[in-house]
file work11.cif (mmCIF, C-alpha atoms and all ligand atoms)
data_upload
#
loop_
_atom_site.label_atom_id
_atom_site.label_comp_id
_atom_site.auth_asym_id
_atom_site.auth_seq_id
_atom_site.Cartn_x
_atom_site.Cartn_y
_atom_site.Cartn_z
CA VAL A 1 21.81 -0.17 -21.43
CA LYS A 2 24.06 -1.19 -18.56
CA ALA A 3 23.27 -3.36 -15.54
CA ASP A 4 24.31 -3.14 -11.88
CA PRO A 5 22.64 -5.94 -9.91
CA GLU A 6 24.53 -5.04 -6.73
CA LEU A 7 23.16 -1.51 -6.71
CA TRP A 8 19.67 -2.78 -7.51
CA ALA A 9 19.83 -5.25 -4.61
CA LYS A 10 20.68 -2.38 -2.27
CA LEU A 11 17.49 -0.69 -3.49
CA ASP A 12 15.38 -3.75 -2.65
CA MET A 13 14.49 -4.40 -6.26
CA ASP A 14 13.29 -7.62 -7.79
CA VAL A 15 16.74 -8.05 -9.32
CA GLU A 16 16.05 -11.28 -11.12
CA ARG A 17 13.05 -9.92 -12.95
CA PHE A 18 14.56 -6.52 -13.57
CA SER A 19 17.68 -8.04 -15.14
CA ASN A 20 15.64 -8.74 -18.28
CA ILE A 21 14.84 -5.08 -18.80
CA PRO A 22 18.22 -3.57 -19.85
CA PRO A 23 18.72 -5.99 -22.79
CA MET A 24 15.12 -5.44 -23.90
CA LEU A 25 15.50 -1.68 -23.73
CA THR A 26 18.79 -1.89 -25.65
CA GLY A 27 17.02 -3.69 -28.50
CA VAL A 28 14.24 -1.13 -28.73
CA PHE A 29 16.66 1.80 -28.38
CA ASN A 30 18.84 0.50 -31.21
CA ASP A 31 15.82 0.12 -33.45
CA VAL A 32 14.21 3.50 -32.69
CA PHE A 33 17.26 5.72 -32.29
CA LEU A 34 20.56 4.25 -33.44
CA SER A 35 19.04 3.17 -36.74
CA GLN A 36 18.66 6.85 -37.71
CA GLU A 37 21.18 8.34 -40.11
CA ASN A 38 23.21 11.49 -39.68
CA ARG A 39 22.33 12.19 -36.05
CA PRO A 40 24.00 15.20 -34.42
CA GLN A 41 27.20 14.34 -32.54
CA GLY A 42 25.77 15.97 -29.43
CA MET A 43 23.25 13.14 -29.13
CA GLY A 44 26.13 11.06 -27.78
CA TYR A 45 25.64 12.53 -24.31
CA PHE A 46 21.91 11.72 -24.33
CA ASP A 47 22.48 8.20 -25.67
CA ASN A 48 24.88 7.76 -22.79
CA MET A 49 22.23 8.96 -20.35
CA VAL A 50 20.04 6.11 -21.61
CA SER A 51 22.88 3.65 -21.36
CA ASN A 52 23.41 4.69 -17.70
CA ILE A 53 19.75 5.06 -16.86
CA PHE A 54 19.69 2.14 -14.40
CA THR A 55 23.30 2.42 -13.20
CA GLY A 56 25.31 5.68 -13.18
CA ARG A 57 22.35 8.01 -12.79
CA ILE A 58 20.79 5.82 -10.08
CA GLN A 59 24.14 5.75 -8.27
CA GLU A 60 24.19 9.57 -8.30
CA MET A 61 20.70 9.65 -6.79
CA TYR A 62 21.60 6.97 -4.26
CA ASP A 63 24.65 9.01 -3.20
CA ALA A 64 22.50 12.15 -2.91
CA ARG A 65 20.12 10.30 -0.62
CA GLU A 66 23.03 8.97 1.47
CA GLU A 67 24.23 12.57 1.86
CA GLY A 68 20.84 13.46 3.31
CA ARG A 69 19.67 15.35 0.23
CA PRO A 70 15.98 14.76 -0.49
CA VAL A 71 15.21 12.61 -3.52
CA VAL A 72 11.63 13.27 -4.57
CA GLY A 73 9.56 11.50 -7.21
CA THR A 74 6.86 13.42 -9.10
CA PHE A 75 4.29 12.65 -11.78
CA CYS A 76 3.34 16.02 -13.09
CA VAL A 77 4.89 19.27 -14.27
CA TYR A 78 2.68 21.14 -11.79
CA VAL A 79 4.89 20.05 -8.88
CA PRO A 80 7.46 22.84 -8.53
CA GLU A 81 10.89 21.30 -8.83
CA GLU A 82 12.60 24.63 -8.06
CA ILE A 83 11.80 24.05 -4.40
CA ILE A 84 13.40 20.60 -4.41
CA HIS A 85 16.55 22.01 -6.00
CA ALA A 86 16.60 24.89 -3.55
CA ALA A 87 16.81 22.31 -0.75
CA GLY A 88 19.76 20.65 -2.51
CA GLY A 89 17.53 17.77 -3.53
CA VAL A 90 16.91 15.71 -6.63
CA CYS A 91 13.61 15.70 -8.49
CA VAL A 92 12.79 12.75 -10.70
CA GLY A 93 9.77 12.27 -12.94
CA LEU A 94 8.27 8.85 -12.26
CA CYS A 95 5.56 8.60 -14.91
CA GLY A 96 5.60 5.16 -16.48
CA GLY A 97 5.81 4.62 -20.22
CA SER A 98 6.25 0.88 -20.41
CA GLN A 99 3.93 -2.01 -21.17
CA GLY A 100 6.15 -4.23 -18.99
CA SER A 101 4.70 -3.05 -15.67
CA ILE A 102 1.02 -2.88 -16.68
CA GLY A 103 0.37 -6.51 -15.68
CA ASP A 104 1.62 -5.82 -12.14
CA ALA A 105 -0.73 -2.85 -11.85
CA GLU A 106 -3.74 -4.68 -13.24
CA LYS A 107 -3.53 -7.22 -10.42
CA ILE A 108 -4.71 -4.36 -8.19
CA LEU A 109 -6.01 -1.45 -10.26
CA PRO A 110 -8.97 -1.56 -12.66
CA ARG A 111 -7.88 -2.24 -16.23
CA ASN A 112 -9.78 0.61 -17.85
CA ILE A 113 -7.62 3.48 -16.66
CA CYS A 114 -4.75 5.41 -18.22
CA PRO A 115 -1.68 3.29 -19.12
CA MET A 116 0.65 5.96 -17.70
CA VAL A 117 -0.88 5.61 -14.25
CA LYS A 118 -0.93 1.82 -14.47
CA SER A 119 2.64 1.65 -15.69
CA ALA A 120 3.96 3.87 -12.88
CA PHE A 121 1.99 2.03 -10.19
CA GLY A 122 3.06 -1.34 -11.59
CA PHE A 123 6.73 -0.33 -11.46
CA LYS A 124 6.44 0.29 -7.72
CA VAL A 125 4.31 -2.75 -6.92
CA GLY A 126 6.62 -5.05 -8.89
CA ARG A 127 9.79 -3.35 -7.51
CA ILE A 128 11.07 -3.08 -11.08
CA CYS A 129 12.02 0.59 -11.32
CA PRO A 130 15.23 1.79 -9.64
CA PHE A 131 13.98 5.40 -9.72
CA PHE A 132 10.94 4.48 -7.67
CA GLN A 133 13.16 2.56 -5.25
CA VAL A 134 15.64 5.39 -4.70
CA VAL A 135 13.18 8.16 -3.78
CA ASP A 136 12.56 9.26 -0.18
CA PHE A 137 8.95 9.99 -1.00
CA VAL A 138 6.71 10.87 -3.91
CA TYR A 139 4.61 13.95 -4.43
CA GLY A 140 1.46 13.40 -6.43
CA GLU A 141 -1.25 15.88 -7.38
CA THR A 142 -4.98 16.12 -7.89
CA THR A 143 -5.00 16.61 -11.65
CA CYS A 144 -6.97 13.73 -13.15
CA ASP A 145 -9.14 11.20 -11.30
CA ALA A 146 -6.94 8.24 -12.22
CA LYS A 147 -3.91 9.83 -10.63
CA LYS A 148 -5.46 11.25 -7.51
CA LYS A 149 -7.21 8.00 -6.56
CA THR A 150 -4.12 5.92 -7.32
CA TRP A 151 -2.07 7.99 -4.85
CA GLU A 152 -4.25 6.65 -2.04
CA LEU A 153 -3.16 3.13 -2.97
CA LEU A 154 0.42 4.05 -3.79
CA ASP A 155 0.84 5.39 -0.26
CA GLU A 156 0.76 1.76 0.94
CA TYR A 157 4.05 1.16 -0.91
CA VAL A 158 5.92 4.47 -0.70
CA PRO A 159 5.18 7.63 1.32
CA THR A 160 2.92 9.66 -0.99
CA HIS A 161 2.06 13.32 -0.47
CA VAL A 162 -0.58 14.97 -2.60
CA MET A 163 -0.64 18.57 -3.80
CA GLU A 164 -4.10 19.93 -4.47
CA ILE A 165 -4.16 21.48 -7.92
CA PRO A 166 -7.37 23.43 -8.45
CA GLN A 167 -9.44 22.89 -11.59
CA MET A 168 -9.99 26.54 -12.44
CA LYS A 169 -7.67 29.54 -12.57
CA ARG A 170 -9.57 32.24 -10.73
CA GLU A 171 -8.14 34.51 -8.02
CA ARG A 172 -9.46 32.24 -5.25
CA ASP A 173 -7.83 29.24 -6.95
CA LYS A 174 -4.53 31.07 -7.00
CA LYS A 175 -4.77 31.63 -3.24
CA LEU A 176 -5.27 27.91 -2.66
CA TRP A 177 -2.44 27.11 -5.06
CA VAL A 178 0.05 29.35 -3.25
CA GLU A 179 -0.87 27.63 0.03
CA GLU A 180 -0.27 24.24 -1.58
CA VAL A 181 3.15 25.38 -2.81
CA LYS A 182 3.98 26.45 0.74
CA ASP A 183 2.94 23.04 2.08
CA PHE A 184 5.14 21.43 -0.53
CA LYS A 185 8.09 23.53 0.63
CA THR A 186 7.38 22.53 4.24
CA ALA A 187 7.34 18.83 3.31
CA ILE A 188 10.74 19.18 1.65
CA GLU A 189 12.10 21.12 4.62
CA GLN A 190 10.87 18.48 7.03
CA GLN A 191 12.79 15.88 5.07
CA THR A 192 16.06 17.85 5.21
CA GLY A 193 15.55 19.28 8.70
CA LYS A 194 16.34 22.81 7.55
CA ASP A 195 14.52 25.71 5.98
CA VAL A 196 15.04 26.76 2.37
CA THR A 197 16.51 30.29 2.29
CA GLU A 198 15.57 33.08 -0.10
CA THR A 199 19.02 32.93 -1.70
CA GLU A 200 18.72 29.19 -2.25
CA LEU A 201 15.29 29.52 -3.85
CA LYS A 202 16.40 32.39 -6.07
CA GLN A 203 19.39 30.36 -7.22
CA ALA A 204 17.21 27.33 -7.94
CA ILE A 205 14.76 29.45 -9.92
CA GLU A 206 17.64 30.76 -12.02
CA THR A 207 18.96 27.24 -12.57
CA MET A 208 15.59 25.99 -13.76
CA ASN A 209 15.00 29.09 -15.87
CA ALA A 210 18.31 28.44 -17.61
CA LYS A 211 17.27 24.85 -18.26
CA ARG A 212 13.91 25.88 -19.69
CA LYS A 213 15.55 28.57 -21.84
CA ALA A 214 18.01 26.02 -23.25
CA MET A 215 15.04 23.81 -24.17
CA GLN A 216 13.29 26.76 -25.82
CA ARG A 217 16.45 27.47 -27.81
CA LEU A 218 16.66 23.86 -28.92
CA ASN A 219 13.00 23.75 -29.90
CA ASP A 220 13.36 26.99 -31.90
CA LEU A 221 16.30 25.51 -33.80
CA ARG A 222 14.44 22.34 -34.70
CA HIS A 223 11.69 24.49 -36.20
CA HIS A 224 14.10 25.34 -38.99
CA ASP A 225 12.92 23.99 -42.34
CA PRO A 226 14.46 21.49 -43.08
CA SER A 227 14.87 20.27 -39.53
CA PRO A 228 18.42 19.74 -38.20
CA ILE A 229 17.29 17.11 -35.66
CA SER A 230 14.68 14.36 -35.68
CA GLY A 231 11.53 14.33 -33.59
CA ARG A 232 12.65 11.06 -32.02
CA ASP A 233 15.89 12.61 -30.77
CA MET A 234 13.98 15.64 -29.49
CA LEU A 235 11.57 13.39 -27.64
CA LEU A 236 14.45 11.54 -26.03
CA ILE A 237 16.09 14.78 -24.82
CA GLN A 238 12.78 16.00 -23.43
CA GLN A 239 12.32 12.72 -21.56
CA ILE A 240 15.85 12.84 -20.14
CA ALA A 241 15.07 16.35 -18.83
CA PHE A 242 13.02 14.62 -16.14
CA TYR A 243 15.87 12.65 -14.60
CA ASP A 244 19.16 14.38 -15.35
CA ILE A 245 21.02 16.91 -13.17
CA PRO A 246 19.64 20.29 -14.35
CA GLU A 247 22.96 22.18 -14.62
CA ARG A 248 24.67 19.39 -16.55
CA PHE A 249 21.64 18.88 -18.78
CA THR A 250 21.46 22.60 -19.62
CA GLU A 251 25.11 22.66 -20.59
CA LYS A 252 24.70 19.65 -22.89
CA VAL A 253 21.53 21.03 -24.50
CA ASN A 254 23.31 24.32 -25.21
CA GLU A 255 26.26 22.45 -26.72
CA LEU A 256 23.84 20.58 -28.96
CA CYS A 257 22.22 23.89 -29.94
CA ASP A 258 25.64 25.25 -30.99
CA GLU A 259 26.08 22.18 -33.16
CA LEU A 260 22.61 22.54 -34.69
CA GLU A 261 23.32 26.19 -35.51
CA ALA A 262 26.45 25.08 -37.35
CA ARG A 263 24.48 22.34 -39.11
CA ILE A 264 21.91 24.83 -40.32
CA LYS A 265 24.72 27.04 -41.69
CA THR A 266 26.20 24.15 -43.61
CA GLU A 267 22.76 22.87 -44.66
CA ASN A 268 23.26 19.55 -42.94
CA TYR A 269 19.77 18.31 -42.10
CA VAL A 270 18.19 15.08 -40.88
CA ALA A 271 15.34 15.11 -43.37
CA PRO A 272 15.52 16.41 -46.93
CA LYS A 273 13.60 19.51 -47.97
CA GLY A 274 10.01 18.62 -48.75
CA THR A 275 9.67 16.04 -45.95
CA THR A 276 6.21 16.35 -44.38
CA ARG A 277 6.44 18.26 -41.10
CA LEU A 278 4.06 17.24 -38.33
CA MET A 279 3.38 18.47 -34.86
CA VAL A 280 2.19 16.28 -31.99
CA SER A 281 -0.10 17.60 -29.26
CA GLY A 282 -1.75 16.01 -26.24
CA THR A 283 -0.83 13.69 -23.40
CA PRO A 284 2.79 13.23 -22.31
CA MET A 285 5.02 10.35 -23.38
CA ALA A 286 6.93 8.97 -20.44
CA LEU A 287 10.11 6.96 -20.97
CA PRO A 288 10.33 4.57 -22.80
CA ASN A 289 7.17 5.44 -24.73
CA TRP A 290 8.54 6.13 -28.21
CA LYS A 291 5.71 4.40 -30.03
CA LEU A 292 3.99 7.26 -31.85
CA HIS A 293 7.18 9.14 -32.79
CA ASN A 294 8.66 5.95 -34.14
CA ILE A 295 5.61 5.20 -36.28
CA ILE A 296 5.32 8.77 -37.61
CA GLU A 297 8.98 9.16 -38.53
CA LYS A 298 9.28 5.68 -39.98
CA SER A 299 6.27 6.59 -42.14
CA GLY A 300 8.39 9.31 -43.70
CA ALA A 301 7.40 12.50 -41.85
CA VAL A 302 9.45 14.54 -39.40
CA ILE A 303 8.03 15.77 -36.08
CA VAL A 304 8.82 19.42 -35.48
CA ASN A 305 7.06 20.18 -32.19
CA GLU A 306 5.45 18.56 -29.15
CA GLU A 307 2.70 20.46 -27.40
CA SER A 308 2.94 18.19 -24.40
CA CYS A 309 4.31 18.02 -20.88
CA ILE A 310 7.18 16.09 -22.49
CA GLY A 311 7.51 19.15 -24.70
CA THR A 312 6.66 22.82 -24.64
CA ARG A 313 4.35 22.76 -21.60
CA TYR A 314 7.43 21.89 -19.54
CA TYR A 315 9.59 24.75 -20.73
CA LYS A 316 7.57 27.48 -22.46
CA ASP A 317 7.38 29.61 -19.27
CA THR A 318 10.07 30.80 -16.91
CA ILE A 319 9.76 32.44 -13.48
CA SER A 320 10.28 36.15 -13.03
CA THR A 321 13.09 36.74 -10.53
CA ASP A 322 11.86 40.25 -9.69
CA GLY A 323 10.53 39.14 -6.32
CA THR A 324 12.91 39.69 -3.44
CA ASN A 325 11.40 38.02 -0.43
CA MET A 326 10.20 34.44 0.01
CA GLU A 327 6.53 35.36 -0.15
CA GLN A 328 6.93 37.22 -3.47
CA MET A 329 9.09 34.49 -4.97
CA LEU A 330 6.54 31.80 -4.11
CA GLU A 331 3.81 33.91 -5.66
CA LYS A 332 5.76 34.45 -8.88
CA LEU A 333 6.58 30.76 -8.95
CA THR A 334 2.89 29.86 -8.58
CA GLU A 335 1.96 32.29 -11.36
CA ARG A 336 4.39 30.54 -13.68
CA TYR A 337 2.91 27.13 -12.89
CA MET A 338 -0.60 28.49 -13.43
CA GLN A 339 0.31 29.19 -17.06
CA ILE A 340 0.62 25.48 -17.83
CA ASP A 341 -2.54 24.65 -19.73
CA CYS A 342 -3.42 21.06 -18.87
CA SER A 343 -6.78 19.68 -19.97
CA CYS A 344 -7.57 18.88 -16.31
CA PHE A 345 -8.59 22.57 -16.10
CA THR A 346 -11.88 24.07 -17.14
CA PRO A 347 -12.21 26.17 -19.17
CA ASN A 348 -8.92 25.54 -20.95
CA ASP A 349 -9.25 27.55 -24.15
CA ASP A 350 -5.76 28.98 -23.71
CA ARG A 351 -4.44 25.57 -24.65
CA ILE A 352 -6.29 25.58 -27.97
CA ASP A 353 -4.76 28.98 -28.79
CA GLN A 354 -1.35 27.72 -27.68
CA VAL A 355 -1.55 24.66 -29.95
CA ILE A 356 -2.40 26.83 -32.97
CA LYS A 357 0.39 29.27 -32.06
CA GLU A 358 2.94 26.46 -31.83
CA TYR A 359 1.67 25.00 -35.08
CA ARG A 360 2.38 28.28 -36.86
CA GLU A 361 5.76 28.82 -35.17
CA SER A 362 7.01 25.32 -35.92
CA GLY A 363 6.14 25.41 -39.62
CA ALA A 364 4.22 22.15 -39.25
CA GLN A 365 1.80 21.01 -41.95
CA GLY A 366 -0.54 19.01 -39.77
CA ILE A 367 -1.30 18.09 -36.15
CA ILE A 368 -1.53 14.62 -34.66
CA ASP A 369 -3.30 14.83 -31.32
CA TYR A 370 -2.17 12.02 -29.05
CA CYS A 371 -4.39 10.80 -26.27
CA LEU A 372 -3.51 8.00 -23.91
CA GLN A 373 -6.34 5.52 -23.66
CA PHE A 374 -8.94 6.41 -21.00
CA CYS A 375 -7.63 9.94 -20.54
CA HIS A 376 -11.01 11.65 -20.59
CA THR A 377 -9.89 15.25 -20.29
CA TYR A 378 -7.52 15.20 -23.29
CA ASN A 379 -9.89 13.01 -25.24
CA ILE A 380 -12.81 15.41 -24.83
CA GLU A 381 -10.61 18.46 -25.39
CA ALA A 382 -9.63 16.97 -28.76
CA VAL A 383 -13.15 17.84 -29.92
CA LYS A 384 -12.46 21.55 -29.44
CA LEU A 385 -9.03 21.21 -30.95
CA ARG A 386 -10.47 19.56 -34.03
CA GLN A 387 -13.03 22.35 -34.39
CA ALA A 388 -10.28 24.98 -34.12
CA CYS A 389 -8.16 23.16 -36.70
CA GLU A 390 -11.08 22.85 -39.09
CA LYS A 391 -11.68 26.58 -38.77
CA GLU A 392 -8.02 27.32 -39.50
CA GLY A 393 -7.75 24.75 -42.27
CA ILE A 394 -5.13 22.71 -40.40
CA PRO A 395 -4.97 18.97 -41.19
CA PHE A 396 -5.81 17.18 -37.93
CA LEU A 397 -5.71 13.57 -36.81
CA ALA A 398 -6.74 12.41 -33.33
CA ILE A 399 -5.19 9.21 -32.04
CA GLU A 400 -5.99 7.26 -28.90
CA SER A 401 -3.53 4.57 -27.94
CA ASP A 402 -1.86 2.67 -25.11
CA TYR A 403 1.56 1.03 -24.76
CA SER A 404 0.73 -2.32 -26.29
CA PRO A 405 2.09 -3.23 -29.72
CA GLU A 406 -1.33 -4.45 -30.87
CA ASP A 407 -2.49 -1.30 -32.64
CA VAL A 408 0.84 -0.45 -34.32
CA GLY A 409 -0.20 -1.73 -37.73
CA GLN A 410 -3.52 0.07 -37.62
CA LEU A 411 -1.90 3.33 -36.47
CA GLN A 412 0.69 3.08 -39.21
CA THR A 413 -2.05 2.79 -41.84
CA ARG A 414 -3.92 5.81 -40.47
CA ILE A 415 -0.77 7.91 -40.16
CA GLU A 416 0.45 7.03 -43.65
CA ALA A 417 -2.95 8.00 -45.06
CA PHE A 418 -2.80 11.28 -43.11
CA ILE A 419 0.68 12.10 -44.45
CA GLU A 420 -0.45 11.28 -47.96
CA GLN A 421 -3.39 13.63 -47.75
CA ILE A 422 -1.17 16.61 -46.73
S1 LIG B 1 0.04 18.94 -16.39
S2 LIG B 1 -0.83 16.44 -18.77
S3 LIG B 1 1.82 15.96 -16.41
S4 LIG B 1 -1.63 16.01 -15.34
S5 LIG B 1 -2.67 11.09 -19.54
S6 LIG B 1 -2.30 10.53 -16.06
S7 LIG B 1 -4.12 13.41 -17.27
S8 LIG B 1 -5.45 10.10 -17.53
S9 LIG B 1 -0.44 13.17 -17.43
FE1 LIG B 1 -0.32 15.24 -16.97
FE2 LIG B 1 0.32 17.10 -15.22
FE3 LIG B 1 -1.61 17.52 -16.98
FE4 LIG B 1 0.89 17.45 -17.75
FE5 LIG B 1 -4.31 11.45 -16.18
FE6 LIG B 1 -4.61 11.81 -18.74
FE7 LIG B 1 -3.25 9.75 -17.88
FE8 LIG B 1 -2.28 12.18 -17.60
#

call {"tool": "encode", "arguments": {"input": "work11.cif", "output": "structure tokens", "more": "lines below"}}
Ligand code: BJ8
result
Amino acid sequence: VKADPELWAKLDMDVERFSNIPPMLTGVFNDVFLSQENRPQGMGYFDNMVSNIFTGRIQEMYDAREEGRPVVGTFCVYVPEEIIHAAGGVCVGLCGGSQGSIGDAEKILPRNICPMVKSAFGFKVGRICPFFQVVDFVYGETTCDAKKKTWELLDEYVPTHVMEIPQMKRERDKKLWVEEVKDFKTAIEQQTGKDVTETELKQAIETMNAKRKAMQRLNDLRHHDPSPISGRDMLLIQQIAFYDIPERFTEKVNELCDELEARIKTENYVAPKGTTRLMVSGTPMALPNWKLHNIIEKSGAVIVNEESCIGTRYYKDTISTDGTNMEQMLEKLTERYMQIDCSCFTPNDDRIDQVIKEYRESGAQGIIDYCLQFCHTYNIEAVKLRQACEKEGIPFLAIESDYSPEDVGQLQTRIEAFIEQI
């Protein structure tokens, strides 16, 4: 992982402190990813994206900002990135997946809240994330309590807008949602000083549809038994989806898909036939949170699906381009976003059905439900998920964890026992 202290200084970062991060990340990356055998060649591009995460990619975003293109940070897949792209802007996911910034956050925030929220907030407070430093503003949402209350505090450090996401999906909620999408568009337009045109939005929708379709294609290919790609590599690609240029990313994912098709033909797999296939569901895993995948795959199983926002929730739905005028397009766009089944909604039974559907499609032999510590909505929803799995005879393990290394040994024991029992 490369360093560029000059660029970081321009972004008003705590350069001295941040300089420790690239070598640390390199060590973890080598252990989790480069230690794997027989990785697809196409992973080279994604490895490179990690190597340039704090340099080349930041420079591209910095240049975009200098050109007057909006650079917007988000924390949730409910914020419609199509609109940012339509305005020529850059959308970057800012969720935090690192233990390193939790201490900064805990100086201000209560300790007993979700590590993802703490990690993201800590990155900004400590000025130790170049992505946070390069954005013009951030756009939060009212999904869970931890996030929506943190935005009030975050606004003291970086301009923070908030999109109201309803908690139900009735007709009246849809009306509110469309209005919120329009406000979001206005905020982006105010930043650029010009209106987004219908042609620009249509083009952006097509660009993002192509990206989501490439991800669907990739996920379908990994469902092959035996799997041609590891769960760790899939996780990495899905994380990079939140900070790469969409067109370039789509091209590289499709190239990788071509390679995986060829690998399947020549029976060149990452895990031998008979390897236990597991699916992960639940809360997202923001970069560089590789903890669970690393434990599962080092315990001898292969992960074949993620029902997660770093996973299928991000790309399972595309937007119909039937609409011709702005009003229709924004409505279709909202309808697509309403199909994401986050546990912040009630009722949310569609998600339970979706998990079972993905379990069947992926050829998994068990589900590990992952819940970040103190995430009440996913934690409580795991009860229903467990009931559904029991009814269907699906092996199910619920795990609650944070980013600290303390519970690794204990998790390993539980996961090994789970794999054994399958
Ligand atoms: S659509 S999953 S990205 S809200 S894990 S911060 S919910 S306490 S991340 Fe999410 Fe949007 Fe839903 Fe997806 Fe809160 Fe839970 Fe933490 Fe969470």

call {"tool": "closest_residue", "arguments": {"input": "work11.cif", "among": "A:Lys182, A:Lys291, A:Arg351, A:Arg232", "to": "ligand LIG 1 (chain B)", "atoms": "only C-alpha atoms and all ligand atoms"}}
result
A:Arg351

call {"tool": "residues_around", "arguments": {"input": "work11.cif", "residues": "Val50 (chain A)", "least_positions_apart": "5", "cutoff": "9 Å", "atoms": "only C-alpha atoms", "output": "number ranges by chain"}}
result
A: 1-2, 29, 45, 236, 240

call {"tool": "residues_around", "arguments": {"input": "work11.cif", "residues": "Thr312 (chain A)", "least_positions_apart": "5", "cutoff": "9 Å", "atoms": "all atoms listed in the file", "output": "MDAnalysis selection string"}}
result
chainID A and resid 215:216 219 305:307 317 358

call {"tool": "residues_near_ligand", "arguments": {"input": "work11.cif", "ligand": "ligand LIG 1 (chain B)", "cutoff": "6 Å", "atoms": "only C-alpha atoms and all ligand atoms", "output": "PyMOL selection string"}}
result
chain A and resi 76-78+114+116-117+143-144+146-147+283-284+309+342+372+375

call {"tool": "write_last_selection", "arguments": {"input": "work11.cif", "atoms": "C-alpha atoms", "output": "PDB file, in the frame of the given file"}}
result
ATOM      1  CA  CYS A  76       3.340  16.020 -13.090  1.00  0.00           C
ATOM      2  CA  VAL A  77       4.890  19.270 -14.270  1.00  0.00           C
ATOM      3  CA  TYR A  78       2.680  21.140 -11.790  1.00  0.00           C
ATOM      4  CA  CYS A 114      -4.750   5.410 -18.220  1.00  0.00           C
ATOM      5  CA  MET A 116       0.650   5.960 -17.700  1.00  0.00           C
ATOM      6  CA  VAL A 117      -0.880   5.610 -14.250  1.00  0.00           C
ATOM      7  CA  THR A 143      -5.000  16.610 -11.650  1.00  0.00           C
ATOM      8  CA  CYS A 144      -6.970  13.730 -13.150  1.00  0.00           C
ATOM      9  CA  ALA A 146      -6.940   8.240 -12.220  1.00  0.00           C
ATOM     10  CA  LYS A 147      -3.910   9.830 -10.630  1.00  0.00           C
ATOM     11  CA  THR A 283      -0.830  13.690 -23.400  1.00  0.00           C
ATOM     12  CA  PRO A 284       2.790  13.230 -22.310  1.00  0.00           C
ATOM     13  CA  CYS A 309       4.310  18.020 -20.880  1.00  0.00           C
ATOM     14  CA  CYS A 342      -3.420  21.060 -18.870  1.00  0.00           C
ATOM     15  CA  LEU A 372      -3.510   8.000 -23.910  1.00  0.00           C
ATOM     16  CA  CYS A 375      -7.630   9.940 -20.540  1.00  0.00           C
TER      17      CYS A 375
END

call {"tool": "residues_near_point", "arguments": {"input": "work11.cif", "point": "(-5.0, 0.3, -13.2)", "cutoff": "12 Å", "atoms": "only C-alpha atoms", "output": "ChimeraX atom specification"}}
result
/A:101-123,125,145-147,149-151,153-154,373-374

call {"tool": "atom_distance", "arguments": {"input": "work11.cif", "atom1": "CA of Asp233 (chain A)", "atom2": "CA of Arg39 (chain A)"}}
result
8.3 Å

call {"tool": "residues_around", "arguments": {"input": "work11.cif", "residues": "Glu179 (chain A)", "least_positions_apart": "5", "cutoff": "12 Å", "atoms": "only C-alpha atoms", "output": "NGL selection string"}}
result
:A and (163-166 or 172-174 or 184-186 or 327 or 330-331 or 334)

call {"tool": "residues_around", "arguments": {"input": "work11.cif", "residues": "Ile21 (chain A)", "least_positions_apart": "2", "cutoff": "12 Å", "atoms": "all atoms listed in the file", "output": "ChimeraX atom specification"}}
result
/A:1-5,14-19,23-29,53-54,98-101,123,128-130,288

call {"tool": "closest_residue", "arguments": {"input": "work11.cif", "among": "A:Leu397, A:Lys391, A:Gly323, A:Thr197", "to": "Ala86 (chain A)", "atoms": "only C-alpha atoms"}}
result
A:Thr197

call {"tool": "residues_around", "arguments": {"input": "work11.cif", "residues": "Met43 (chain A)", "least_positions_apart": "5", "cutoff": "9 Å", "atoms": "all atoms listed in the file", "output": "PDB file with C-alpha atoms, in the coordinates of the input"}}
result
ATOM      1  CA  ASN A  48      24.880   7.760 -22.790  1.00  0.00           C
ATOM      2  CA  ASP A 233      15.890  12.610 -30.770  1.00  0.00           C
ATOM      3  CA  ILE A 237      16.090  14.780 -24.820  1.00  0.00           C
ATOM      4  CA  LEU A 256      23.840  20.580 -28.960  1.00  0.00           C
TER       5      LEU A 256
END

call {"tool": "closest_residue", "arguments": {"input": "work11.cif", "among": "A:Leu201, A:Pro40, A:Arg217, A:Asn30", "to": "Ala262 (chain A)", "atoms": "only C-alpha atoms"}}
result
A:Pro40

call {"tool": "closest_residue", "arguments": {"input": "work11.cif", "among": "A:Phe242, A:Phe131, A:Tyr269, A:Tyr62", "to": "Met13 (chain A)", "atoms": "all atoms listed in the file"}}
result
A:Phe131

call {"tool": "atom_distance", "arguments": {"input": "work11.cif", "atom1": "CA of Pro272 (chain A)", "atom2": "CA of Ser227 (chain A)"}}
result
8.4 Å

call {"tool": "atom_distance", "arguments": {"input": "work11.cif", "atom1": "CA of Arg127 (chain A)", "atom2": "CA of Thr192 (chain A)"}}
result
25.5 Å

call {"tool": "axis_aligned_box", "arguments": {"input": "work11.cif", "around": "region 112-131 of chain A", "padding_each_side": "4 Å", "output": "JSON"}}
result
{"center_x": 2.7, "center_y": 0.5, "center_z": -13.0, "size_x": 33.0, "size_y": 19.0, "size_z": 20.2}
